[in-house]
Structure formats: C-alpha cells, structure tokens
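Peer 1: Here it is, the structure, as structure tokens.
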Amino acid sequence: MWELARSNKRKSIFLFAGMLLLLVGLGFFAGGAFDPQAGPFLGVTLAMFLWIIQLIISYFAGGSIMLALSGAKPVTRDMHPRLFNIVEEMKIAANLPVLPKIYVIPEEAPNAFATGRNPQKSAVAVTAGLLSRLNRDELQGVIAHEMSHVLNRDILFMTLVGVSLGSIVLLSNIFLRGMFHSGSSSRYRSRGKGGGQAALIFLAIAIVFAILSPIMAQLLYFAISRRREYLADATGVRLTRYPEGLASALEKMSRTDLVLSRVNKVTAALYIVNPLKRKGMQLADLTATHPPISERIKILRSLTYGVNFAAYQKAFESVRGRPASLIPKGGLSDAATVALRAPSKDTGPVEPVPAQRIAGDLIMAASGFTFVTCACGLKMKTPPDFRGNSLRCPKCGKVNSVNAA
Amino acid sequence: MGKIGLILIGVGVLFLFWVIGIFNALVRLRNQVKNAWSQIDVQLKRRHDLIPNLIETTKGYMKHERETLEKVTAARTAAMSAQSVGEKAQAEGMLSGVLGRLFAVAEQYPDLKANQNFLALQEELTSTENKIAFARQGYNDQVLFYNNKIQMFPSNIIAGMFGFAQQEFFEIQDQAEKALPKVAF
Ligand SMILES: [Zn+2]
C-alpha cells in the first residue's frame, strides 16, 4: 500500500530536476561570465561541489541541525507519557520499524514537524503549546500526519530539496556580490578582444539567471512541499481513520496568533502548519509552502464515508472544484475500504495547563498586555504602556524584539 | 541427447524456479502474518499485565462495584486462557467491554478520578486498546494478502502441496456495544 504513495514521487522528482537544472545553469553562466572558455565548466563543477557538500552534511546531520535550529529538546516517557503512547500507536498503525525519537519544542505556538533520514532514523517534534491545546484525537491526527512524512520518505526528500534551494540562493548571492562589489565590469573589458564579446553575453545572462533562479527555485520548492502536505494529510487519516481529529487540530493551530520564535524560510516548510504568518498575503498561492489550512480542513471534513486514498482524492477534487491528480492511479485502487472509527472518549487536552495560568493570561491580554515568547519557552508579558522595542529574557538572557501590534 | 532434450531440461529448470518463487512468496506472506500477530500479542499481554494493578487501585474507592471488578478479573482470566485466534478475539472483545464499563462507572468517583495512579493506568489501558486496534488492522491486511494468495490459481496448488493453511482474521466484537439495549420509540 505504501509503495503506491511513494510512486507519486515522480512528479516531485520532476520538479526537483528543475531545481537541479537551475543550479547547473547558474553555475554555467556565472562561470562563463568570469571566463567564457574554462568558466562554464568550472562554474558547473563548483556548483555541484557546493551542492554535494551540503547534501552530505544534511544527509548525516540534517535532522539534528533542524532539531537544534528549532530549539527542540529530547524528552522521556515519564515526562510525556501520553505523547509517547500516541506516537507508539501511530508507529503500529504505520508499521514503522522503530519508534521515532520524540522531541518537545518549548514554545507556546502550536506546531509540529518530522525530520530525519529514513524510517529507521527519524524524529518528530511538537511544541509545548500543541500539547496543552489539543486533545488525544487531535494530537493523534497531527502525529499521524508527521509519521506519514516519515513513511512517504518526505523527510529526506524535503531536506534534499531544501538543500538545493539553499545552494542556489548561496551561489547566486556569491555571484551577484562578486559582480557588484569588485567593480568587475572594468576587468572584463580589459581582458582583450577574444573573450570580450562572449564574456559580456555570459555576464548579461548570468545576472538575469542569478536574480531569477532563487525565485524560481523557491516556487518549485513551494510546489513540492504543498503536494507533500496534502499527501501527508491523506496518509495520516488513512492511519488514524478519524479525519475529524486532524481537521480540528488544524483549526486550533490556525486560530492562534502566537508565532514560533525560531524559524526561517527553509525550515518553515517542514512544519504541519505554516509558522510564518504574514499579514496581507499576496501571491499566497504561489509562494505558500503550505496549502491553505481552510482547504485542508474542508477536504478532511468531507471524508464522511471512508478514509482510503480514493476517498481523499475525491474530496480533494470536489473542494478544489476541478479535477486534479494528487494520488497516483495505483494508490486509487487501494481497495481496502477504511471505515471511520469512533472518536475517543477522552476529550481533555493532552497536557493540561494549570487553570490559573490561563485565567491570568486572559486577564492580562484583555487589559492590553503584549505577550512575547522567548526562544527558551518563557512567556513574557509587557504592559500596554511599555515603550521599548526589545526585551531581555530573564531566564536565558536572549534579547527579544517586541512587535508593537 | 538432442535439441529436444535440452529444451525439456530448460523448461524443467524454469518450472522449478517458478515453483520455488511461489513457495518463497507464500513463506514471506506467512511470516508477515506471524509478525503482525506478534504485534497484537504484545499489546494483549500488556493489557493483561495492567489489569491487576487497575483492580488494586480502584478496589479501595469502588466499594459498591464489586461485581464490575469481578467481571473484569474473570474476563481477563478468560482472555488469557483463550487459544485460537477466534477465541482470543471473542475473549478480548469481552474484556474491552467490561473495562469500558469499569471506566464509565469510575466517572462517578471523583476521588478516584483525582488519583494519579488511576489516571496513569487509564491512559495506559486506553492507549493499549488503541494499539490493539491499529495492530489488528495491520494483521487483518496481512491475512487478507496471504489467504488470497493461497486461494488463487496457480499458487493454490503449491500451497496445497506444502500445507500452507488459511489464517483466521482477528475481529474483535465489542460485547458491551452488542449488549446495549435497543430503545424503541
Ligand atoms: Zn506536514
């Protein structure tokens, strides 16, 4: 059954090949701009070298880098027994060989991601805010989504794609900086007649390429990650057999104004809901790493009869209002009709926050306090008459900026 | 030995490879069924191990629920002595039913609901029940693949020759749900 979901990779690999082509093209023209004869070859070699080095590093350490960047801390079973149980349940449902390592990010914004190299070496990380907001079924939905990324081999693939994006951005930055900071145009002209004309043509193309390729690469990156998100939703509910759990979790996650303090453009794509909330989103369709949450929820909620891939594909099409292929043909013949299961009787939050803390925060928010969550997880409250724009965390000493809302 | 002899030997070798291929596929599928079953078995054992602890914890609080507690103990004993897959399925279903009733009754005892030990046990048992359900899904999928292979031609011939037997599905029937009185309006 899972091989079918994997065969969908072909489309993603096609997009990925596009990214590699951009990288090679960038190396070719940027090299040519410096030396029309040997340059293109050297440029492509350099680009590939850069790419492979980054790839090797991220293959062996990508997971730990990602976890460190997000501030995730490994946790034990006694600290979070219910979280462990839910991950174990999904491990059994997904038939994974080993239990992923479990991490908690000490932040209030509810979010989660999976990382690692393969199902034998994977990790899932959830924020503390997620545990205090979701109930058992909802957390199960989120964990199932993350396990699906592990199962569908998205974790390595997205690292691969992210690294390629990084290489392209890095290379074009190096080139453009080299161009404009060393007054290079004069150097070109003085290089004699032979290469002059060709060098100028190369230069022109290279500049255009260096400006456009990071944008194109980003669009490809977004397209790939959006596809993977839908697919992880489909696979996740196939595992839990309870779409409402994930739907209501996504709803809760989208309703908060809290933001993660440690996140960047590349790591953002790994999270289950986009941690970079932008106001007045334009071009949202093209530049979003995540499909609109409302759409994901709508698809999940229309799965009222069963949760196999064919059902998800059907719901996907009906919500988007046009035929679209998300699940490959093979996946649709997934004959097993997977019936929905009943909701769990357990409806309280997975890890309840003491009531008085919530009440206190509510009163403070109502009276105009601004909340700043430090990277260490500490939530600081600034009074409405606070005038500074930065705040030192009393726990870890990091200086946080206070956004005047 | 002429050409025909060579061809016959070739065909014979090919046939042998074909039989070995099907045989290996059957063995692989049977192992997958076994493996999937062990996943369920681990969880069933875990549940049996948790129950004495649960009884011990609740006993002090639920003075008037002796019957419920006794039913849980009896269902556990029955489940532990069940042999075939079918018997186990029935006994485990019964056990789920009485456990569900015990937790429903526990709602009426606020002191018990505040006991950390009880809450931890409740979480463990809930999760174990979920794990059984998810493992069962995997096991039944494997049994379906395996049984299909045994029934289909031509693998059925080889399965018959080497004695590959069909496996039972693990279908838990929740006795508690079945026993619910039908209310007529
Ligand atoms: Zn995701």
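To be explicit about the labels: the chains of the structure tokens are called A, B, and onward in the order shown, and within each one the residues are counted from 1, while ligands get numbers from 1 in the order they are shown.
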Can you list, as a compact mmCIF listing (two decimals) with all heavy atoms, in the first residue's frame, every protein, DNA or RNA residue that comes within 9 Å of Arg296 (chain A) when you count only C-alpha atoms, leaving out same-chain residues fewer than 5 positions away?

Peer 2:
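Ended up saving to result_31.txt:
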```
# COMPACT_ATOMS: atom_id res chain seq x y z
N TYR A 230 -0.52 17.79 1.39
CA TYR A 230 -1.80 17.12 1.10
C TYR A 230 -1.67 15.61 1.25
O TYR A 230 -2.52 14.94 1.82
CB TYR A 230 -2.25 17.43 -0.33
CG TYR A 230 -2.92 18.76 -0.51
CD1 TYR A 230 -2.41 19.69 -1.41
CD2 TYR A 230 -4.07 19.10 0.18
CE1 TYR A 230 -3.02 20.92 -1.60
CE2 TYR A 230 -4.70 20.32 0.00
CZ TYR A 230 -4.17 21.23 -0.89
OH TYR A 230 -4.77 22.42 -1.08
N ASP A 233 -1.57 14.52 4.75
CA ASP A 233 -2.93 14.54 5.32
C ASP A 233 -3.68 13.27 4.94
O ASP A 233 -4.30 12.61 5.77
CB ASP A 233 -3.72 15.76 4.82
CG ASP A 233 -3.32 17.03 5.56
OD1 ASP A 233 -2.50 16.94 6.48
OD2 ASP A 233 -3.83 18.12 5.20
N ALA A 247 -8.52 17.50 11.38
CA ALA A 247 -9.23 18.71 10.96
C ALA A 247 -9.34 19.68 12.13
O ALA A 247 -9.01 20.88 12.00
CB ALA A 247 -10.62 18.36 10.43
N LEU A 250 -5.95 21.17 13.07
CA LEU A 250 -5.53 22.22 12.14
C LEU A 250 -6.28 23.52 12.43
O LEU A 250 -5.72 24.61 12.38
CB LEU A 250 -5.77 21.79 10.69
CG LEU A 250 -4.86 20.70 10.14
CD1 LEU A 250 -5.30 20.29 8.74
CD2 LEU A 250 -3.41 21.16 10.11
N PRO A 291 -0.56 24.38 1.78
CA PRO A 291 -1.87 24.67 1.22
C PRO A 291 -2.67 25.46 2.26
O PRO A 291 -2.39 25.33 3.44
CB PRO A 291 -2.49 23.31 0.99
CG PRO A 291 -1.52 22.29 1.44
CD PRO A 291 -0.37 22.96 2.09
N ARG A 301 -12.95 17.26 6.33
CA ARG A 301 -14.31 17.16 6.86
C ARG A 301 -15.28 16.56 5.86
O ARG A 301 -16.37 16.13 6.25
CB ARG A 301 -14.80 18.55 7.28
CG ARG A 301 -14.05 19.09 8.49
CD ARG A 301 -14.96 19.65 9.55
NE ARG A 301 -14.27 19.69 10.85
CZ ARG A 301 -13.89 20.81 11.46
NH1 ARG A 301 -14.16 21.99 10.92
NH2 ARG A 301 -13.28 20.75 12.63
N PHE A 316 -10.60 15.93 -2.38
CA PHE A 316 -9.64 16.92 -2.83
C PHE A 316 -10.16 17.62 -4.09
O PHE A 316 -10.16 18.84 -4.19
CB PHE A 316 -8.32 16.21 -3.12
CG PHE A 316 -7.20 17.06 -3.63
CD1 PHE A 316 -6.52 17.90 -2.76
CD2 PHE A 316 -6.80 17.00 -4.96
CE1 PHE A 316 -5.47 18.68 -3.21
CE2 PHE A 316 -5.75 17.77 -5.42
CZ PHE A 316 -5.08 18.62 -4.54
```

Peer 1: Starting from chain B, keep only residues with some atom at most 9 Å from an atom of chain A, counting only C-alpha atoms, and report them as a short mmCIF file (atom, residue, chain, number, x, y, z; two decimals) with all heavy atoms, in the first residue's frame.

Peer 2:
```cif
data_model
loop_
_atom_site.label_atom_id
_atom_site.label_comp_id
_atom_site.auth_asym_id
_atom_site.auth_seq_id
_atom_site.Cartn_x
_atom_site.Cartn_y
_atom_site.Cartn_z
N GLN B 39 2.66 -8.53 16.96
CA GLN B 39 2.39 -7.13 17.35
C GLN B 39 1.14 -7.04 18.22
O GLN B 39 1.10 -6.30 19.19
CB GLN B 39 2.15 -6.27 16.10
CG GLN B 39 3.31 -6.20 15.16
CD GLN B 39 4.11 -4.95 15.37
OE1 GLN B 39 3.81 -4.16 16.27
NE2 GLN B 39 5.14 -4.76 14.58
N ALA B 120 -2.94 7.40 35.34
CA ALA B 120 -1.86 6.83 34.53
C ALA B 120 -2.29 5.48 33.96
O ALA B 120 -2.06 5.18 32.78
CB ALA B 120 -0.60 6.68 35.37
N GLU B 123 -4.78 5.93 31.13
CA GLU B 123 -4.09 6.32 29.90
C GLU B 123 -3.43 5.11 29.26
O GLU B 123 -3.55 4.88 28.06
CB GLU B 123 -3.08 7.43 30.20
CG GLU B 123 -2.03 7.68 29.13
CD GLU B 123 -2.61 8.06 27.78
OE1 GLU B 123 -3.73 8.57 27.72
OE2 GLU B 123 -1.93 7.82 26.75
N GLU B 124 -2.75 4.31 30.07
CA GLU B 124 -2.06 3.13 29.53
C GLU B 124 -3.05 2.16 28.89
O GLU B 124 -2.80 1.64 27.81
CB GLU B 124 -1.28 2.42 30.63
CG GLU B 124 0.02 3.10 31.01
CD GLU B 124 0.85 3.52 29.82
OE1 GLU B 124 1.20 2.64 29.01
OE2 GLU B 124 1.13 4.72 29.66
N THR B 126 -6.12 2.85 27.78
CA THR B 126 -6.71 3.46 26.57
C THR B 126 -5.75 3.27 25.39
O THR B 126 -6.14 2.88 24.30
CB THR B 126 -6.94 4.96 26.79
OG1 THR B 126 -7.73 5.14 27.95
CG2 THR B 126 -7.65 5.59 25.60
N SER B 127 -4.48 3.59 25.66
CA SER B 127 -3.50 3.50 24.59
C SER B 127 -3.31 2.06 24.13
O SER B 127 -3.20 1.79 22.93
CB SER B 127 -2.17 4.08 25.05
OG SER B 127 -1.25 4.03 24.01
N THR B 128 -3.30 1.14 25.08
CA THR B 128 -3.14 -0.27 24.71
C THR B 128 -4.30 -0.72 23.83
O THR B 128 -4.11 -1.42 22.83
CB THR B 128 -3.05 -1.15 25.96
OG1 THR B 128 -2.05 -0.61 26.82
CG2 THR B 128 -2.68 -2.57 25.61
N ASN B 130 -6.04 1.19 21.86
CA ASN B 130 -5.80 1.77 20.54
C ASN B 130 -4.75 0.96 19.78
O ASN B 130 -4.90 0.70 18.58
CB ASN B 130 -5.29 3.21 20.67
CG ASN B 130 -6.39 4.15 21.09
OD1 ASN B 130 -7.57 3.79 21.10
ND2 ASN B 130 -6.02 5.37 21.44
N LYS B 131 -3.69 0.60 20.48
CA LYS B 131 -2.62 -0.15 19.81
C LYS B 131 -3.13 -1.49 19.31
O LYS B 131 -2.77 -1.92 18.22
CB LYS B 131 -1.45 -0.36 20.78
CG LYS B 131 -0.62 0.91 20.98
CD LYS B 131 0.34 0.77 22.12
CE LYS B 131 0.92 2.12 22.49
NZ LYS B 131 1.56 2.09 23.82
N ILE B 132 -3.99 -2.13 20.11
CA ILE B 132 -4.57 -3.40 19.66
C ILE B 132 -5.37 -3.16 18.37
O ILE B 132 -5.25 -3.90 17.40
CB ILE B 132 -5.48 -4.02 20.75
CG1 ILE B 132 -4.62 -4.45 21.95
CG2 ILE B 132 -6.26 -5.21 20.20
CD1 ILE B 132 -5.43 -4.88 23.16
N ALA B 133 -6.15 -2.07 18.38
CA ALA B 133 -6.98 -1.78 17.21
C ALA B 133 -6.12 -1.54 15.97
O ALA B 133 -6.40 -2.04 14.88
CB ALA B 133 -7.87 -0.57 17.48
N PHE B 134 -5.03 -0.77 16.13
CA PHE B 134 -4.18 -0.47 14.97
C PHE B 134 -3.41 -1.70 14.52
O PHE B 134 -3.24 -1.93 13.32
CB PHE B 134 -3.22 0.68 15.28
CG PHE B 134 -3.92 2.00 15.37
CD1 PHE B 134 -3.84 2.78 16.50
CD2 PHE B 134 -4.67 2.47 14.30
CE1 PHE B 134 -4.49 3.99 16.59
CE2 PHE B 134 -5.33 3.69 14.38
CZ PHE B 134 -5.24 4.45 15.53
N ALA B 135 -2.95 -2.51 15.49
CA ALA B 135 -2.22 -3.71 15.13
C ALA B 135 -3.14 -4.70 14.44
O ALA B 135 -2.75 -5.41 13.52
CB ALA B 135 -1.60 -4.33 16.38
N GLN B 137 -5.65 -3.99 12.53
CA GLN B 137 -5.79 -3.53 11.15
C GLN B 137 -4.66 -4.12 10.29
O GLN B 137 -4.90 -4.68 9.23
CB GLN B 137 -5.63 -2.02 11.14
CG GLN B 137 -6.66 -1.25 10.36
CD GLN B 137 -6.48 0.24 10.67
OE1 GLN B 137 -6.86 0.74 11.72
NE2 GLN B 137 -5.85 0.94 9.76
N GLY B 138 -3.44 -3.99 10.80
CA GLY B 138 -2.27 -4.47 10.07
C GLY B 138 -2.31 -5.99 9.91
O GLY B 138 -2.03 -6.51 8.83
N ASP B 141 -4.92 -7.04 7.32
CA ASP B 141 -4.42 -6.76 5.96
C ASP B 141 -3.51 -7.90 5.50
O ASP B 141 -3.64 -8.40 4.38
CB ASP B 141 -3.63 -5.45 5.94
CG ASP B 141 -4.53 -4.24 5.89
OD1 ASP B 141 -5.76 -4.42 5.70
OD2 ASP B 141 -4.02 -3.11 6.04
#
```

Peer 1: Measuring between only C-alpha atoms, which one of B:Ser155, B:Ser81, B:Thr68, B:Asn24 shows the shortest distance to Val105 (chain B)?

Peer 2: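 Selected residue with least distance to Val105 (chain B): B:Thr68.
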
Peer 1: One number please: CA of Lys34 (chain B) to CA of Gln142 (chain B), in Å, one decimal.

Peer 2: 9.1 Å

Peer 1: Compile the contact shell of Gly348 (chain A) as a compact mmCIF listing (two decimals) with C-alpha atoms, in the first residue's frame: residues with an atom at most 9 Å away, counting only C-alpha atoms, same-chain residues fewer than 5 positions apart removed.

Peer 2:
```txt
# COMPACT_ATOMS: atom_id res chain seq x y z
CA ARG A 133 -4.18 22.77 23.34
CA LEU A 134 -5.00 19.50 21.61
CA ASN A 135 -6.94 16.54 22.90
CA ARG A 136 -5.99 12.92 22.32
```

Peer 1: Return as a list in words the residues of protein, DNA or RNA that approach ligand 1 to within 7 Å, with only C-alpha atoms and all ligand atoms taken into account.

Peer 2: Phe113, His145, Glu146, His149, Glu229, Ala232, Leu270, Tyr271 and Ile272 of chain A

Peer 1: With C-alpha atoms retained, write the just-selected residues as an mmCIF file, in the first residue's frame.

Peer 2:
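Result written to again_20.cif:
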```
data_model
loop_
_atom_site.group_PDB
_atom_site.id
_atom_site.type_symbol
_atom_site.label_atom_id
_atom_site.label_comp_id
_atom_site.auth_asym_id
_atom_site.auth_seq_id
_atom_site.Cartn_x
_atom_site.Cartn_y
_atom_site.Cartn_z
ATOM 1 C CA PHE A 113 7.369 18.675 12.336
ATOM 2 C CA HIS A 145 0.447 13.439 9.609
ATOM 3 C CA GLU A 146 4.079 13.629 10.755
ATOM 4 C CA HIS A 149 6.072 12.274 6.170
ATOM 5 C CA GLU A 229 1.398 18.292 2.784
ATOM 6 C CA ALA A 232 0.617 13.529 4.382
ATOM 7 C CA LEU A 270 8.697 21.275 7.468
ATOM 8 C CA TYR A 271 6.038 22.300 9.958
ATOM 9 C CA ILE A 272 2.492 20.981 9.795
#
```

Peer 1: Have a look at CA of Arg117 (chain A) and CA of Leu156 (chain A) and let me know their distance in Å, one decimal.

Peer 2: 5.1 Å

Peer 1: If you run DSSP on the backbone here, which positions in region 69-123 of chain A get alpha helix (DSSP H)? Please write them as a PyMOL selection string.

Peer 2: chain A and resi 69-70+81-94

Peer 1: Could you check the closest approach to Ile297 (chain A) for each of A:Val372, A:Met147, A:Met66, A:Val319 and tell me which residue wins, using only C-alpha atoms?

Peer 2: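 Nearest to Ile297 (chain A): A:Val319.
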
Peer 1: With a distance cut-off of 9 Å and only C-alpha atoms, select the neighbouring residues of Thr73 (chain B), excluding the residue or stretch itself and same-chain residues fewer than 6 positions from it, and output the selection as a PyMOL selection string.

Peer 2: chain B and resi 51-52+55+95

Peer 1: Please determine, counting only C-alpha atoms, which residue among B:Ala104, B:Leu16, B:Val72, B:Val85 has the shortest atom-to-atom distance to Asp41 (chain B).

Peer 2: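 Residue with the minimum atom-to-atom distance to Asp41 (chain B): B:Val85.
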
Peer 1: How many Å lie between CA of Leu121 (chain B) and CA of Thr57 (chain B), rounded to one decimal?

Peer 2: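 CA of Thr57 (chain B) lies 9.1 Å from CA of Leu121 (chain B).
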
Peer 1: Which residues come within 10 Å of Gly116 (chain A), counting only C-alpha atoms, excluding same-chain residues fewer than 6 positions away, as a list in words?

Peer 2: Ser58, Tyr59, Phe60, Ala61, Gly62, Gly63, Ser64, Ile65, Met66, Leu67, Pro100, Lys101, Ser122, Ala123, Val124, Val150, Arg153, Asp154, Ile155, Leu156 and Thr159 of chain A

Peer 1: Which residue gives the smallest distance to Ile150 (chain B) among B:Leu14, B:Leu29, B:Arg136, B:Tyr109, with only C-alpha atoms counted?

Peer 2: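 The shortest atom-to-atom distance to Ile150 (chain B) comes from B:Leu29.
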